[in-house]
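Data file: final29.pdb. Format and content: PDB, C-alpha atoms, pLDDT in the B column.
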ATOM      1  CA  MET A  30     -37.377 -21.034-119.812  1.00 76.00           C
ATOM      2  CA  GLY A  31     -35.341 -18.571-117.885  1.00 89.00           C
ATOM      3  CA  TYR A  32     -34.103 -17.493-114.530  1.00 94.00           C
ATOM      4  CA  ASP A  33     -36.330 -16.836-111.544  1.00 96.00           C
ATOM      5  CA  ILE A  34     -34.433 -14.716-109.042  1.00 97.00           C
ATOM      6  CA  TYR A  35     -35.709 -14.313-105.496  1.00 97.00           C
ATOM      7  CA  ILE A  36     -34.494 -11.902-102.855  1.00 98.00           C
ATOM      8  CA  GLN A  37     -34.218 -13.537 -99.486  1.00 96.00           C
ATOM      9  CA  THR A  38     -34.462 -12.168 -95.978  1.00 95.00           C
ATOM     10  CA  PRO A  39     -31.392 -12.099 -93.704  1.00 92.00           C
ATOM     11  CA  ASP A  40     -32.593 -15.374 -92.142  1.00 92.00           C
ATOM     12  CA  GLY A  41     -32.562 -17.096 -95.548  1.00 90.00           C
ATOM     13  CA  LYS A  42     -36.283 -17.186 -96.292  1.00 93.00           C
ATOM     14  CA  PRO A  43     -37.785 -15.868 -99.544  1.00 94.00           C
ATOM     15  CA  ALA A  44     -38.842 -12.229 -99.116  1.00 96.00           C
ATOM     16  CA  GLU A  45     -42.542 -11.544 -99.625  1.00 95.00           C
ATOM     17  CA  GLY A  46     -43.796  -9.314-102.428  1.00 95.00           C
ATOM     18  CA  ASP A  47     -43.492  -8.969-106.187  1.00 94.00           C
ATOM     19  CA  GLU A  48     -40.710  -6.388-105.816  1.00 95.00           C
ATOM     20  CA  ASN A  49     -38.495  -9.184-104.453  1.00 97.00           C
ATOM     21  CA  TYR A  50     -38.697 -11.255-107.630  1.00 97.00           C
ATOM     22  CA  PHE A  51     -36.936 -10.769-110.950  1.00 97.00           C
ATOM     23  CA  ARG A  52     -37.451 -12.910-114.042  1.00 96.00           C
ATOM     24  CA  ILE A  53     -35.017 -12.896-116.908  1.00 94.00           C
ATOM     25  CA  ALA A  54     -35.268 -14.996-120.064  1.00 92.00           C
ATOM     26  CA  TRP A  55     -32.481 -17.458-120.756  1.00 90.00           C
ATOM     27  CA  THR A  56     -31.868 -15.576-124.014  1.00 91.00           C
ATOM     28  CA  ALA A  57     -31.373 -12.278-122.142  1.00 90.00           C
ATOM     29  CA  MET A  58     -29.040 -13.550-119.426  1.00 93.00           C
ATOM     30  CA  PRO A  59     -25.929 -13.657-121.666  1.00 93.00           C
ATOM     31  CA  ARG A  60     -26.442  -9.973-122.530  1.00 91.00           C
ATOM     32  CA  THR A  61     -26.892  -9.123-118.851  1.00 93.00           C
ATOM     33  CA  LEU A  62     -23.792 -11.084-117.891  1.00 95.00           C
ATOM     34  CA  GLY A  63     -21.859  -9.378-120.699  1.00 94.00           C
ATOM     35  CA  ALA A  64     -22.857  -5.945-119.408  1.00 93.00           C
ATOM     36  CA  MET A  65     -21.987  -6.934-115.853  1.00 96.00           C
ATOM     37  CA  SER A  66     -18.601  -8.171-117.036  1.00 96.00           C
ATOM     38  CA  ASN A  67     -17.964  -4.935-118.940  1.00 94.00           C
ATOM     39  CA  PHE A  68     -18.684  -2.958-115.766  1.00 95.00           C
ATOM     40  CA  GLY A  69     -16.391  -5.221-113.692  1.00 97.00           C
ATOM     41  CA  MET A  70     -19.253  -6.582-111.595  1.00 98.00           C
ATOM     42  CA  LEU A  71     -18.455 -10.277-111.996  1.00 98.00           C
ATOM     43  CA  ALA A  72     -15.806 -12.422-110.376  1.00 98.00           C
ATOM     44  CA  GLU A  73     -14.534 -15.315-112.473  1.00 97.00           C
ATOM     45  CA  LEU A  74     -14.371 -18.216-110.044  1.00 96.00           C
ATOM     46  CA  PRO A  75     -14.575 -21.934-110.794  1.00 96.00           C
ATOM     47  CA  VAL A  76     -17.917 -23.654-110.332  1.00 95.00           C
ATOM     48  CA  PRO A  77     -17.653 -25.549-107.044  1.00 95.00           C
ATOM     49  CA  SER A  78     -18.013 -29.302-106.942  1.00 95.00           C
ATOM     50  CA  TYR A  79     -21.018 -30.811-105.250  1.00 96.00           C
ATOM     51  CA  PRO A  80     -20.463 -33.691-102.854  1.00 97.00           C
ATOM     52  CA  THR A  81     -20.927 -37.161-104.290  1.00 97.00           C
ATOM     53  CA  LEU A  82     -23.396 -39.653-102.902  1.00 97.00           C
ATOM     54  CA  SER A  83     -20.664 -42.281-102.656  1.00 97.00           C
ATOM     55  CA  ALA A  84     -18.621 -40.036-100.333  1.00 97.00           C
ATOM     56  CA  TYR A  85     -21.469 -40.414 -97.842  1.00 97.00           C
ATOM     57  CA  GLY A  86     -22.069 -44.104 -98.498  1.00 97.00           C
ATOM     58  CA  LEU A  87     -25.338 -43.315-100.269  1.00 96.00           C
ATOM     59  CA  GLU A  88     -27.045 -44.328-103.489  1.00 95.00           C
ATOM     60  CA  ARG A  89     -29.857 -42.756-105.483  1.00 94.00           C
ATOM     61  CA  GLY A  90     -32.245 -45.355-104.095  1.00 93.00           C
ATOM     62  CA  ASP A  91     -31.742 -43.928-100.603  1.00 93.00           C
ATOM     63  CA  PHE A  92     -33.692 -40.853-101.744  1.00 92.00           C
ATOM     64  CA  GLN A  93     -36.633 -42.673-103.335  1.00 91.00           C
ATOM     65  CA  LEU A  94     -40.048 -41.592-102.165  1.00 91.00           C
ATOM     66  CA  GLY A  95     -41.403 -43.988 -99.567  1.00 89.00           C
ATOM     67  CA  THR A  96     -37.973 -45.310 -98.567  1.00 87.00           C
ATOM     68  CA  GLN A  97     -37.588 -45.626 -94.803  1.00 92.00           C
ATOM     69  CA  PRO A  98     -33.849 -45.503 -94.087  1.00 93.00           C
ATOM     70  CA  ASP A  99     -32.343 -46.791 -90.880  1.00 94.00           C
ATOM     71  CA  GLN A 100     -30.958 -44.184 -88.471  1.00 96.00           C
ATOM     72  CA  ALA A 101     -27.375 -44.437 -89.742  1.00 96.00           C
ATOM     73  CA  THR A 102     -28.510 -43.897 -93.340  1.00 95.00           C
ATOM     74  CA  ALA A 103     -30.810 -41.040 -92.270  1.00 94.00           C
ATOM     75  CA  ASN A 104     -27.821 -39.379 -90.577  1.00 97.00           C
ATOM     76  CA  ARG A 105     -25.690 -39.755 -93.734  1.00 97.00           C
ATOM     77  CA  ILE A 106     -28.530 -38.314 -95.824  1.00 96.00           C
ATOM     78  CA  ALA A 107     -28.723 -35.305 -93.491  1.00 97.00           C
ATOM     79  CA  GLU A 108     -24.930 -34.827 -93.690  1.00 98.00           C
ATOM     80  CA  TYR A 109     -25.030 -35.081 -97.489  1.00 98.00           C
ATOM     81  CA  ARG A 110     -27.849 -32.534 -97.738  1.00 97.00           C
ATOM     82  CA  ALA A 111     -25.987 -30.129 -95.433  1.00 97.00           C
ATOM     83  CA  ALA A 112     -22.810 -30.466 -97.536  1.00 98.00           C
ATOM     84  CA  TYR A 113     -24.812 -29.960-100.740  1.00 97.00           C
ATOM     85  CA  GLN A 114     -26.433 -26.821 -99.325  1.00 96.00           C
ATOM     86  CA  ALA A 115     -23.063 -25.534 -98.126  1.00 97.00           C
ATOM     87  CA  VAL A 116     -21.831 -25.591-101.755  1.00 97.00           C
ATOM     88  CA  LYS A 117     -24.849 -23.532-102.834  1.00 96.00           C
ATOM     89  CA  ASP A 118     -24.297 -21.060 -99.969  1.00 96.00           C
ATOM     90  CA  ALA A 119     -20.493 -20.727-100.270  1.00 96.00           C
ATOM     91  CA  ALA A 120     -18.949 -17.297-100.734  1.00 96.00           C
ATOM     92  CA  GLU A 121     -15.531 -15.678-100.704  1.00 96.00           C
ATOM     93  CA  SER A 122     -14.694 -13.892 -97.449  1.00 95.00           C
ATOM     94  CA  GLU A 123     -13.841 -10.672 -99.336  1.00 97.00           C
ATOM     95  CA  PRO A 124     -15.652 -10.797-102.680  1.00 98.00           C
ATOM     96  CA  THR A 125     -14.745  -8.542-105.582  1.00 97.00           C
ATOM     97  CA  GLY A 126     -18.098  -9.053-107.308  1.00 98.00           C
ATOM     98  CA  ILE A 127     -20.726 -11.679-108.005  1.00 98.00           C
ATOM     99  CA  PRO A 128     -19.239 -15.010-109.081  1.00 98.00           C
ATOM    100  CA  ALA A 129     -20.385 -15.423-112.696  1.00 97.00           C
ATOM    101  CA  TYR A 130     -21.355 -19.070-112.202  1.00 97.00           C
ATOM    102  CA  LYS A 131     -23.970 -18.039-109.626  1.00 97.00           C
ATOM    103  CA  LEU A 132     -25.880 -16.262-112.385  1.00 97.00           C
ATOM    104  CA  MET A 133     -24.984 -18.535-115.313  1.00 94.00           C
ATOM    105  CA  TYR A 134     -26.756 -21.495-113.720  1.00 91.00           C
ATOM    106  CA  ASN A 135     -30.155 -21.575-112.109  1.00 89.00           C
ATOM    107  CA  ASP A 136     -29.109 -23.981-109.346  1.00 92.00           C
ATOM    108  CA  GLY A 137     -30.175 -21.821-106.402  1.00 95.00           C
ATOM    109  CA  PHE A 138     -26.733 -20.489-105.546  1.00 97.00           C
ATOM    110  CA  LEU A 139     -26.800 -17.814-102.859  1.00 97.00           C
ATOM    111  CA  VAL A 140     -25.568 -14.434-104.062  1.00 98.00           C
ATOM    112  CA  THR A 141     -24.603 -12.758-100.808  1.00 98.00           C
ATOM    113  CA  VAL A 142     -25.052  -9.167 -99.716  1.00 98.00           C
ATOM    114  CA  ALA A 143     -21.247  -8.757 -99.747  1.00 98.00           C
ATOM    115  CA  GLU A 144     -21.018 -10.027-103.342  1.00 98.00           C
ATOM    116  CA  ILE A 145     -23.849  -7.743-104.473  1.00 98.00           C
ATOM    117  CA  SER A 146     -22.358  -4.780-102.612  1.00 98.00           C
ATOM    118  CA  ALA A 147     -18.961  -5.310-104.251  1.00 98.00           C
ATOM    119  CA  ALA A 148     -20.577  -5.554-107.699  1.00 98.00           C
ATOM    120  CA  VAL A 149     -22.785  -2.476-107.240  1.00 98.00           C
ATOM    121  CA  THR A 150     -19.911  -0.427-105.797  1.00 97.00           C
ATOM    122  CA  THR A 151     -17.723  -1.275-108.798  1.00 97.00           C
ATOM    123  CA  TYR A 152     -20.572  -0.476-111.173  1.00 97.00           C
ATOM    124  CA  GLU A 153     -21.386   2.870-109.561  1.00 95.00           C
ATOM    125  CA  ALA A 154     -17.718   3.910-109.792  1.00 95.00           C
ATOM    126  CA  HIS A 155     -17.726   3.368-113.565  1.00 92.00           C
ATOM    127  CA  PRO A 156     -17.695   6.615-115.576  1.00 89.00           C
ATOM    128  CA  HIS A 157     -20.562   5.516-117.864  1.00 82.00           C
ATOM    129  CA  VAL A 158     -23.013   4.388-115.189  1.00 82.00           C
ATOM    130  CA  ASP A 159     -25.569   7.134-115.929  1.00 79.00           C
ATOM    131  CA  ILE A 160     -25.768   6.298-119.620  1.00 81.00           C
ATOM    132  CA  ALA A 161     -26.189   2.564-118.982  1.00 79.00           C
ATOM    133  CA  GLU A 162     -29.388   2.969-116.995  1.00 77.00           C
ATOM    134  CA  MET A 163     -30.888   5.461-119.443  1.00 76.00           C
ATOM    135  CA  ARG A 164     -30.570   3.251-122.530  1.00 75.00           C
ATOM    136  CA  ASP A 165     -31.871  -0.134-121.436  1.00 78.00           C
ATOM    137  CA  PRO A 166     -34.968  -0.422-119.223  1.00 82.00           C
ATOM    138  CA  THR A 167     -34.190  -4.068-118.384  1.00 86.00           C
ATOM    139  CA  TRP A 168     -30.764  -3.033-117.133  1.00 91.00           C
ATOM    140  CA  ARG A 169     -32.334  -0.260-115.044  1.00 90.00           C
ATOM    141  CA  TYR A 170     -34.746  -2.767-113.451  1.00 94.00           C
ATOM    142  CA  TRP A 171     -31.920  -5.256-112.892  1.00 95.00           C
ATOM    143  CA  MET A 172     -29.791  -2.659-111.144  1.00 95.00           C
ATOM    144  CA  ALA A 173     -32.738  -1.569-108.979  1.00 95.00           C
ATOM    145  CA  PHE A 174     -33.260  -5.232-108.080  1.00 97.00           C
ATOM    146  CA  LEU A 175     -29.589  -5.655-107.137  1.00 98.00           C
ATOM    147  CA  ARG A 176     -29.690  -2.527-104.982  1.00 97.00           C
ATOM    148  CA  ARG A 177     -32.793  -3.853-103.249  1.00 97.00           C
ATOM    149  CA  ALA A 178     -31.252  -7.308-102.734  1.00 97.00           C
ATOM    150  CA  LYS A 179     -28.197  -5.859-101.010  1.00 95.00           C
ATOM    151  CA  THR A 180     -30.455  -4.292 -98.358  1.00 95.00           C
ATOM    152  CA  HIS A 181     -32.003  -7.678 -97.560  1.00 95.00           C
ATOM    153  CA  GLY A 182     -30.284 -11.050 -97.454  1.00 95.00           C
ATOM    154  CA  GLY A 183     -29.025 -11.449-101.001  1.00 97.00           C
ATOM    155  CA  PHE A 184     -30.795 -13.597-103.579  1.00 98.00           C
ATOM    156  CA  ARG A 185     -30.981 -16.997-105.201  1.00 97.00           C
ATOM    157  CA  THR A 186     -31.314 -17.779-108.887  1.00 94.00           C
ATOM    158  CA  HIS A 187     -33.559 -20.698-109.871  1.00 93.00           C
TER     159      HIS A 187
END

Can you give me the file's structure in the form of structure tokens?
Amino acid sequence: MGYDIYIQTPDGKPAEGDENYFRIAWTAMPRTLGAMSNFGMLAELPVPSYPTLSAYGLERGDFQLGTQPDQATANRIAEYRAAYQAVKDAAESEPTGIPAYKLMYNDGFLVTVAEISAAVTTYEAHPHVDIAEMRDPTWRYWMAFLRRAKTHGGFRTH
């Protein structure tokens, strides 16, 4: 169990290559989040609410394999899926860091280039940045991954 983190291209597709993937154990993520918090890299925002099926006049059965919905139901399913994806892709217009919930859960939230840039900028301004990367090789790899992700299209955590 753990977190599989994938850099994506600016058009939202997974980037090719092993260098665009980072795996972190679920037992190591709290330590990583703690370090990020200590460096001021995280933004404490509430976890957004996903849309409910009932708000779109849908039920779980509408998503069963082999179900052939009528056109009106198919349209509501498409609207629901778009709203669900919009929650996963949402970001502040001027982020101060990476929202902690986007890394605490492996729900595929998009961590945007702007969020990563804000986090890395804050980190690099910290007076103890050089020591941090010397002591912990995982942290060094994580920071290299974040720097790489900000030059692409961000990343998603699964």

Sort by chain and increasing residue number a table of all residues of range 167-186 of chain A within 8 Å of range 143-152 of chain A, each with its closest pair of atoms and their distance in Å to one decimal, counting only C-alpha atoms, and write it as a Markdown table.
| residue | atom | partner | partner_atom | distance |
| --- | --- | --- | --- | --- |
| A:Leu175 | CA | A:Ile145 | CA | 6.7 |
| A:Arg176 | CA | A:Val149 | CA | 7.3 |
| A:Ala178 | CA | A:Ile145 | CA | 7.6 |
| A:Lys179 | CA | A:Ile145 | CA | 5.9 |
| A:Gly183 | CA | A:Ile145 | CA | 7.3 |

Write out as CSV a residue-level contact list of range 72-151 of chain A versus range 54-64 of chain A with cut-off 10 Å: for each qualifying residue the closest pair of atoms and the distance in Å to one decimal, counting only C-alpha atoms, rows sorted by chain and residue number upward.
residue,atom,partner,partner_atom,distance
A:Ala129,CA,A:Leu62,CA,7.6
A:Leu132,CA,A:Leu62,CA,7.8
A:Met133,CA,A:Met58,CA,7.6
A:Tyr134,CA,A:Trp55,CA,9.9
A:Asn135,CA,A:Trp55,CA,9.9

Could those residues be written to a file, using C-alpha atoms, as a compact mmCIF listing (two decimals), in the frame of the given file?
# COMPACT_ATOMS: atom_id res chain seq x y z
CA ALA A 129 -20.39 -15.42 -112.70
CA LEU A 132 -25.88 -16.26 -112.38
CA MET A 133 -24.98 -18.54 -115.31
CA TYR A 134 -26.76 -21.50 -113.72
CA ASN A 135 -30.16 -21.58 -112.11

- [ ] To verify the selection step, state as a PyMOL selection string which residues the PyMOL selection byres ((chain A and resi 116) around 10) yields on this input.
- [x] chain A and resi 76-80+111-115+117-120+138-139

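Considering the residues A:Thr96, A:Arg105, A:Gly126, A:Gly31 and counting all atoms listed in the file, Ser83 in chain A has its shortest atom-to-atom contact with A:Arg105.
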
TODO: Measuring atom to atom with all atoms listed in the file, identify which of A:Trp171, A:Arg52, A:Gly182, A:Glu108 is nearest to Ala84 in chain A.
DONE: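 Ranked by minimum distance to Ala84 in chain A, first place goes to A:Glu108.
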
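Residues matched by the PyMOL selection byres ((chain A and resi 42) around 12) in this structure: Tyr35, Ile36, Gln37, Thr38, Pro39, Asp40, Gly41, Pro43, Ala44, Glu45, Asn49, Leu139, His181, Gly182, Gly183, Phe184 and Arg185 of chain A.
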
Task: Nearest to Leu87 in chain A by atom-to-atom distance, counting only C-alpha atoms, from A:Ala72, A:Ala173, A:Ile106, A:Ile127 - done: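 Of all the options, A:Ile106 lies closest to Leu87 in chain A.
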
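A straight line drawn from CA of Gly137 in chain A to CA of Tyr109 in chain A is 16.8 Å long.
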
- [ ] May I ask for the distance between CA of Ala154 in chain A and CA of Trp168 in chain A, given in Å to one decimal place?
- [x]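 Interatomic distance, CA of Ala154 in chain A to CA of Trp168 in chain A: 16.5 Å.
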
TODO: Could you please determine the separation between CA of Gln93 in chain A and CA of Thr81 in chain A in Å, to one decimal place?
DONE: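 Rounded to one decimal, the two atoms are 16.7 Å apart.
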
- [ ] Find, counting only C-alpha atoms, the residue in A:Thr141, A:Asn104, A:Thr180, A:Thr186 that gets nearest to Tyr85 in chain A.
- [x]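 Comparing A:Thr141, A:Asn104, A:Thr180, A:Thr186 against Tyr85 in chain A, the winner is A:Asn104.
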
TODO: Between A:His157, A:Leu74, A:Leu94, A:Glu88, single out the one closest to Pro124 in chain A, counting only C-alpha atoms.
DONE: A:Leu74
